[in-house]
Amino acid sequence: MHRIVFILSSILVFSCHDPKKVSLTAQGIVDRSISVSGGEHYSTSKVAFQFRDKHYVSEVIKGKKVMKRISFSDSLTITDIKENQDLRRFFNDSLIVLPDTLAIRYANSVNSVHYFSRLPYGLNDPAVNKTLLGETVIHGEEYYKIKVTFDQENGGDDFEDIYLYWISKATFKPVYLAYEFHVDGGGIRFREAYNERYVGGIRFVDYYNYTPMEKEVDFFRIDSLFLANRLELLSKIELKEVEVTKEN
């Protein structure tokens, strides 16, 4: 009798500690997603790539994250450098004084491209708030659905934007994302990752970029519109010539 009680007790203890039974939080899911997508390589590597007609570089210099966008026009090299919240523009080696409105616009543009290229790394920035909305199935695969909002302080000029991420339950990699933005008249975008590859230990993807066919839609049900083929393909987001080098 004592042996039977011991066996039943052991089964109960082990079942309670089964890692598959543990409920994950939004933070825990994002932490695992960052780990499988690049982990420490994000903060210790210099990343460069080509997006459309511009060259982008991100690196850590003296403990500070520095993001660059470089373009060329005839004999002129235009370099935008974003460090913290400040942006500096150079024509060749000459610093150009920009109106605040232009500086903010260029800074947001530089930040946006780098942000999407490094996902999911940015989801642990201090101003980010994460909420697990539940689980869903897209094309037969199970996903965690996570809502992301931003604090006004340190959240950037687009702090009111709302993001959704669908992170695979099997791999913990983000496969789909959507965002609702308010600048330039506002709108909704839905992105589907493809062409996954690892360079220097960091995961990079390209995206199919969609928008809803209807004007009035429920943003939080955008995945249902995707499954119903009610999204229109706007463009492809493709990163080319990706290079990753270890920082000293």
# chains A, B, ... in the order shown; residues from 1 in each chain; ligands from 1
$ closest_atom_pairs --of "region 112-194 of chain A" --to "region 237-245 of chain A" --cutoff "12 Å" --atoms "only C-alpha atoms" --output "JSON lines"
{"residue": "A:Val113", "atom": "CA", "partner": "A:Ile237", "partner_atom": "CA", "distance": 9.7}
{"residue": "A:His114", "atom": "CA", "partner": "A:Leu239", "partner_atom": "CA", "distance": 10.6}
{"residue": "A:Phe116", "atom": "CA", "partner": "A:Ile237", "partner_atom": "CA", "distance": 9.6}
{"residue": "A:Ser117", "atom": "CA", "partner": "A:Leu239", "partner_atom": "CA", "distance": 7.9}
{"residue": "A:Arg118", "atom": "CA", "partner": "A:Leu239", "partner_atom": "CA", "distance": 11.2}
{"residue": "A:Phe190", "atom": "CA", "partner": "A:Ile237", "partner_atom": "CA", "distance": 11.8}
{"residue": "A:Arg191", "atom": "CA", "partner": "A:Ile237", "partner_atom": "CA", "distance": 9.0}
{"residue": "A:Glu192", "atom": "CA", "partner": "A:Ile237", "partner_atom": "CA", "distance": 9.9}
{"residue": "A:Ala193", "atom": "CA", "partner": "A:Ile237", "partner_atom": "CA", "distance": 9.2}
{"residue": "A:Tyr194", "atom": "CA", "partner": "A:Glu238", "partner_atom": "CA", "distance": 9.5}
$ select_by_dssp --residues "region 36-226 of chain A" --states "alpha helix (DSSP H)" --output "PyMOL selection string"
chain A and resi 36-37+41-44+100-117+222-226
$ write_last_selection --atoms "C-alpha atoms" --output "PDB file, in the first residue's frame"
ATOM      1  CA  VAL A  36      16.723  31.763 -30.399  1.00  0.00           C
ATOM      2  CA  SER A  37      16.930  34.718 -32.810  1.00  0.00           C
ATOM      3  CA  HIS A  41      24.997  38.536 -30.668  1.00  0.00           C
ATOM      4  CA  TYR A  42      22.625  41.507 -30.943  1.00  0.00           C
ATOM      5  CA  SER A  43      24.575  43.580 -28.436  1.00  0.00           C
ATOM      6  CA  THR A  44      28.069  42.443 -29.429  1.00  0.00           C
ATOM      7  CA  ASP A 100      13.826  70.114 -35.963  1.00  0.00           C
ATOM      8  CA  THR A 101      10.919  68.772 -38.016  1.00  0.00           C
ATOM      9  CA  LEU A 102      13.250  67.273 -40.628  1.00  0.00           C
ATOM     10  CA  ALA A 103      15.644  65.900 -38.015  1.00  0.00           C
ATOM     11  CA  ILE A 104      12.768  64.120 -36.272  1.00  0.00           C
ATOM     12  CA  ARG A 105      11.446  62.719 -39.559  1.00  0.00           C
ATOM     13  CA  TYR A 106      14.869  61.392 -40.606  1.00  0.00           C
ATOM     14  CA  ALA A 107      15.524  59.959 -37.129  1.00  0.00           C
ATOM     15  CA  ASN A 108      12.217  58.083 -37.175  1.00  0.00           C
ATOM     16  CA  SER A 109      12.943  56.737 -40.646  1.00  0.00           C
ATOM     17  CA  VAL A 110      16.415  55.493 -39.683  1.00  0.00           C
ATOM     18  CA  ASN A 111      15.126  53.972 -36.466  1.00  0.00           C
ATOM     19  CA  SER A 112      12.230  52.197 -38.198  1.00  0.00           C
ATOM     20  CA  VAL A 113      14.400  50.268 -40.665  1.00  0.00           C
ATOM     21  CA  HIS A 114      16.894  49.221 -37.985  1.00  0.00           C
ATOM     22  CA  TYR A 115      14.073  48.279 -35.588  1.00  0.00           C
ATOM     23  CA  PHE A 116      12.426  45.872 -38.010  1.00  0.00           C
ATOM     24  CA  SER A 117      15.755  44.390 -39.092  1.00  0.00           C
ATOM     25  CA  ILE A 222      -6.104  41.357 -38.604  1.00  0.00           C
ATOM     26  CA  ASP A 223      -4.897  37.740 -38.619  1.00  0.00           C
ATOM     27  CA  SER A 224      -8.448  36.633 -39.455  1.00  0.00           C
ATOM     28  CA  LEU A 225      -8.421  38.972 -42.474  1.00  0.00           C
ATOM     29  CA  PHE A 226      -5.096  37.471 -43.546  1.00  0.00           C
TER      30      PHE A 226
END
$ residues_around --residues "Lys68 (chain A)" --least-positions-apart "3" --cutoff "6 Å" --atoms "only C-alpha atoms" --output "list in words"
Tyr56, Val57, Asp80 and Ile81 of chain A
$ residues_around --residues "Gly186 (chain A)" --least-positions-apart "5" --cutoff "10 Å" --atoms "only C-alpha atoms" --output "PyMOL selection string"
chain A and resi 161+180-181
$ atom_distance --atom1 "CA of Pro126 (chain A)" --atom2 "CA of Asp184 (chain A)"
26.4 Å
$ atom_distance --atom1 "CA of Tyr121 (chain A)" --atom2 "CA of Gln27 (chain A)"
12.2 Å
$ closest_residue --among "A:Asn124, A:Gln85, A:Thr77, A:Ser168" --to "Glu153 (chain A)" --atoms "only C-alpha atoms"
A:Gln85
$ select_by_dssp --residues "region 27-72 of chain A" --states "strand (DSSP E or B)" --output "PyMOL selection string"
chain A and resi 45-51+54-61+64-72
$ residues_around --residues "Leu133 (chain A)" --least-positions-apart "2" --cutoff "7 Å" --atoms "only C-alpha atoms" --output "ChimeraX atom specification"
/A:131,145-147
$ write_last_selection --atoms "C-alpha atoms" --output "mmCIF file, in the first residue's frame"
data_model
loop_
_atom_site.group_PDB
_atom_site.id
_atom_site.type_symbol
_atom_site.label_atom_id
_atom_site.label_comp_id
_atom_site.auth_asym_id
_atom_site.auth_seq_id
_atom_site.Cartn_x
_atom_site.Cartn_y
_atom_site.Cartn_z
ATOM 1 C CA THR A 131 0.637 41.649 -23.083
ATOM 2 C CA LYS A 145 -0.300 36.416 -29.925
ATOM 3 C CA ILE A 146 1.347 39.340 -28.113
ATOM 4 C CA LYS A 147 0.294 42.984 -27.975
#
$ atom_distance --atom1 "CA of Ala127 (chain A)" --atom2 "CA of Pro212 (chain A)"
28.3 Å
$ closest_residue --among "A:Phe172, A:Tyr163, A:Phe49, A:Tyr143" --to "Phe220 (chain A)" --atoms "only C-alpha atoms"
A:Tyr163
$ closest_residue --among "A:Lys62, A:Lys130, A:Arg89, A:His139" --to "Thr25 (chain A)" --atoms "only C-alpha atoms"
A:Lys130
$ decode --residues "region 94-142 of chain A" --atoms "N, CA and C atoms" --output "JSON list (two decimals), in the first residue's frame"
[["chain", "number", "residue", "atom", "x", "y", "z"],
["A", 94, "SER", "N", 30.87, 67.13, -44.03],
["A", 94, "SER", "CA", 30.36, 68.38, -43.47],
["A", 94, "SER", "C", 29.04, 68.16, -42.75],
["A", 95, "LEU", "N", 28.95, 68.62, -41.49],
["A", 95, "LEU", "CA", 27.72, 68.52, -40.70],
["A", 95, "LEU", "C", 26.71, 69.54, -41.21],
["A", 96, "ILE", "N", 25.50, 69.08, -41.45],
["A", 96, "ILE", "CA", 24.43, 69.95, -41.96],
["A", 96, "ILE", "C", 23.44, 70.24, -40.84],
["A", 97, "VAL", "N", 23.09, 71.50, -40.68],
["A", 97, "VAL", "CA", 22.10, 71.90, -39.68],
["A", 97, "VAL", "C", 20.71, 71.68, -40.27],
["A", 98, "LEU", "N", 19.90, 70.88, -39.57],
["A", 98, "LEU", "CA", 18.56, 70.55, -40.04],
["A", 98, "LEU", "C", 17.50, 71.21, -39.16],
["A", 99, "PRO", "N", 16.37, 71.63, -39.74],
["A", 99, "PRO", "CA", 15.23, 72.05, -38.91],
["A", 99, "PRO", "C", 14.78, 70.87, -38.05],
["A", 100, "ASP", "N", 14.23, 71.17, -36.88],
["A", 100, "ASP", "CA", 13.83, 70.11, -35.96],
["A", 100, "ASP", "C", 12.84, 69.14, -36.60],
["A", 101, "THR", "N", 11.92, 69.65, -37.41],
["A", 101, "THR", "CA", 10.92, 68.77, -38.02],
["A", 101, "THR", "C", 11.57, 67.75, -38.95],
["A", 102, "LEU", "N", 12.55, 68.20, -39.73],
["A", 102, "LEU", "CA", 13.25, 67.27, -40.63],
["A", 102, "LEU", "C", 14.11, 66.29, -39.85],
["A", 103, "ALA", "N", 14.80, 66.78, -38.82],
["A", 103, "ALA", "CA", 15.64, 65.90, -38.02],
["A", 103, "ALA", "C", 14.83, 64.78, -37.38],
["A", 104, "ILE", "N", 13.64, 65.12, -36.88],
["A", 104, "ILE", "CA", 12.77, 64.12, -36.27],
["A", 104, "ILE", "C", 12.30, 63.12, -37.31],
["A", 105, "ARG", "N", 11.93, 63.61, -38.50],
["A", 105, "ARG", "CA", 11.45, 62.72, -39.56],
["A", 105, "ARG", "C", 12.55, 61.74, -39.99],
["A", 106, "TYR", "N", 13.76, 62.26, -40.19],
["A", 106, "TYR", "CA", 14.87, 61.39, -40.61],
["A", 106, "TYR", "C", 15.22, 60.39, -39.51],
["A", 107, "ALA", "N", 15.20, 60.85, -38.25],
["A", 107, "ALA", "CA", 15.52, 59.96, -37.13],
["A", 107, "ALA", "C", 14.53, 58.82, -37.04],
["A", 108, "ASN", "N", 13.25, 59.13, -37.22],
["A", 108, "ASN", "CA", 12.22, 58.08, -37.18],
["A", 108, "ASN", "C", 12.39, 57.09, -38.32],
["A", 109, "SER", "N", 12.76, 57.60, -39.48],
["A", 109, "SER", "CA", 12.94, 56.74, -40.65],
["A", 109, "SER", "C", 14.13, 55.80, -40.45],
["A", 110, "VAL", "N", 15.23, 56.32, -39.95],
["A", 110, "VAL", "CA", 16.42, 55.49, -39.68],
["A", 110, "VAL", "C", 16.10, 54.44, -38.63],
["A", 111, "ASN", "N", 15.45, 54.87, -37.56],
["A", 111, "ASN", "CA", 15.13, 53.97, -36.47],
["A", 111, "ASN", "C", 14.20, 52.85, -36.92],
["A", 112, "SER", "N", 13.22, 53.17, -37.76],
["A", 112, "SER", "CA", 12.23, 52.20, -38.20],
["A", 112, "SER", "C", 12.87, 51.03, -38.95],
["A", 113, "VAL", "N", 13.76, 51.33, -39.89],
["A", 113, "VAL", "CA", 14.40, 50.27, -40.67],
["A", 113, "VAL", "C", 15.26, 49.39, -39.77],
["A", 114, "HIS", "N", 16.05, 50.00, -38.89],
["A", 114, "HIS", "CA", 16.89, 49.22, -37.98],
["A", 114, "HIS", "C", 16.05, 48.40, -37.01],
["A", 115, "TYR", "N", 14.94, 48.97, -36.54],
["A", 115, "TYR", "CA", 14.07, 48.28, -35.59],
["A", 115, "TYR", "C", 13.53, 46.99, -36.18],
["A", 116, "PHE", "N", 13.00, 47.06, -37.39],
["A", 116, "PHE", "CA", 12.43, 45.87, -38.01],
["A", 116, "PHE", "C", 13.50, 44.85, -38.37],
["A", 117, "SER", "N", 14.69, 45.32, -38.70],
["A", 117, "SER", "CA", 15.75, 44.39, -39.09],
["A", 117, "SER", "C", 16.26, 43.57, -37.91],
["A", 118, "ARG", "N", 16.08, 44.09, -36.67],
["A", 118, "ARG", "CA", 16.63, 43.44, -35.48],
["A", 118, "ARG", "C", 15.58, 42.71, -34.64],
["A", 119, "LEU", "N", 14.34, 42.68, -35.11],
["A", 119, "LEU", "CA", 13.31, 42.00, -34.32],
["A", 119, "LEU", "C", 13.67, 40.54, -34.09],
["A", 120, "PRO", "N", 13.37, 40.03, -32.89],
["A", 120, "PRO", "CA", 12.56, 40.62, -31.81],
["A", 120, "PRO", "C", 13.36, 41.37, -30.74],
["A", 121, "TYR", "N", 14.62, 41.68, -31.02],
["A", 121, "TYR", "CA", 15.50, 42.26, -30.00],
["A", 121, "TYR", "C", 14.92, 43.51, -29.35],
["A", 122, "GLY", "N", 14.31, 44.41, -30.12],
["A", 122, "GLY", "CA", 13.81, 45.66, -29.57],
["A", 122, "GLY", "C", 12.63, 45.52, -28.63],
["A", 123, "LEU", "N", 12.05, 44.31, -28.54],
["A", 123, "LEU", "CA", 10.87, 44.13, -27.70],
["A", 123, "LEU", "C", 11.20, 44.12, -26.21],
["A", 124, "ASN", "N", 12.47, 44.21, -25.87],
["A", 124, "ASN", "CA", 12.84, 44.32, -24.46],
["A", 124, "ASN", "C", 13.38, 45.70, -24.11],
["A", 125, "ASP", "N", 13.15, 46.69, -24.99],
["A", 125, "ASP", "CA", 13.54, 48.06, -24.66],
["A", 125, "ASP", "C", 12.72, 48.55, -23.46],
["A", 126, "PRO", "N", 13.26, 49.46, -22.66],
["A", 126, "PRO", "CA", 12.60, 49.90, -21.41],
["A", 126, "PRO", "C", 11.19, 50.45, -21.59],
["A", 127, "ALA", "N", 10.90, 51.11, -22.72],
["A", 127, "ALA", "CA", 9.59, 51.75, -22.90],
["A", 127, "ALA", "C", 8.52, 50.80, -23.44],
["A", 128, "VAL", "N", 8.88, 49.53, -23.65],
["A", 128, "VAL", "CA", 7.96, 48.58, -24.28],
["A", 128, "VAL", "C", 7.09, 47.88, -23.23],
["A", 129, "ASN", "N", 5.79, 47.81, -23.51],
["A", 129, "ASN", "CA", 4.85, 47.07, -22.66],
["A", 129, "ASN", "C", 4.29, 45.89, -23.46],
["A", 130, "LYS", "N", 4.34, 44.71, -22.87],
["A", 130, "LYS", "CA", 3.94, 43.49, -23.59],
["A", 130, "LYS", "C", 2.79, 42.80, -22.86],
["A", 131, "THR", "N", 1.80, 42.35, -23.63],
["A", 131, "THR", "CA", 0.64, 41.65, -23.08],
["A", 131, "THR", "C", 0.35, 40.42, -23.93],
["A", 132, "LEU", "N", 0.23, 39.27, -23.30],
["A", 132, "LEU", "CA", -0.12, 38.04, -24.01],
["A", 132, "LEU", "C", -1.63, 38.01, -24.21],
["A", 133, "LEU", "N", -2.08, 38.07, -25.46],
["A", 133, "LEU", "CA", -3.51, 38.08, -25.75],
["A", 133, "LEU", "C", -4.10, 36.67, -25.82],
["A", 134, "GLY", "N", -3.24, 35.69, -26.00],
["A", 134, "GLY", "CA", -3.72, 34.30, -26.09],
["A", 134, "GLY", "C", -2.96, 33.53, -27.14],
["A", 135, "GLU", "N", -3.56, 32.46, -27.62],
["A", 135, "GLU", "CA", -2.94, 31.62, -28.63],
["A", 135, "GLU", "C", -3.87, 31.51, -29.84],
["A", 136, "THR", "N", -3.29, 31.33, -31.01],
["A", 136, "THR", "CA", -4.09, 31.22, -32.23],
["A", 136, "THR", "C", -3.40, 30.31, -33.22],
["A", 137, "VAL", "N", -4.12, 29.94, -34.26],
["A", 137, "VAL", "CA", -3.58, 29.05, -35.29],
["A", 137, "VAL", "C", -3.64, 29.75, -36.63],
["A", 138, "ILE", "N", -2.51, 29.76, -37.33],
["A", 138, "ILE", "CA", -2.43, 30.34, -38.67],
["A", 138, "ILE", "C", -1.82, 29.29, -39.59],
["A", 139, "HIS", "N", -2.56, 28.93, -40.61],
["A", 139, "HIS", "CA", -2.11, 27.91, -41.57],
["A", 139, "HIS", "C", -1.62, 26.64, -40.87],
["A", 140, "GLY", "N", -2.37, 26.20, -39.87],
["A", 140, "GLY", "CA", -2.08, 24.95, -39.19],
["A", 140, "GLY", "C", -1.00, 25.01, -38.14],
["A", 141, "GLU", "N", -0.38, 26.16, -37.94],
["A", 141, "GLU", "CA", 0.69, 26.32, -36.94],
["A", 141, "GLU", "C", 0.17, 27.13, -35.76],
["A", 142, "GLU", "N", 0.60, 26.76, -34.54],
["A", 142, "GLU", "CA", 0.15, 27.45, -33.33],
["A", 142, "GLU", "C", 1.09, 28.60, -32.98]]
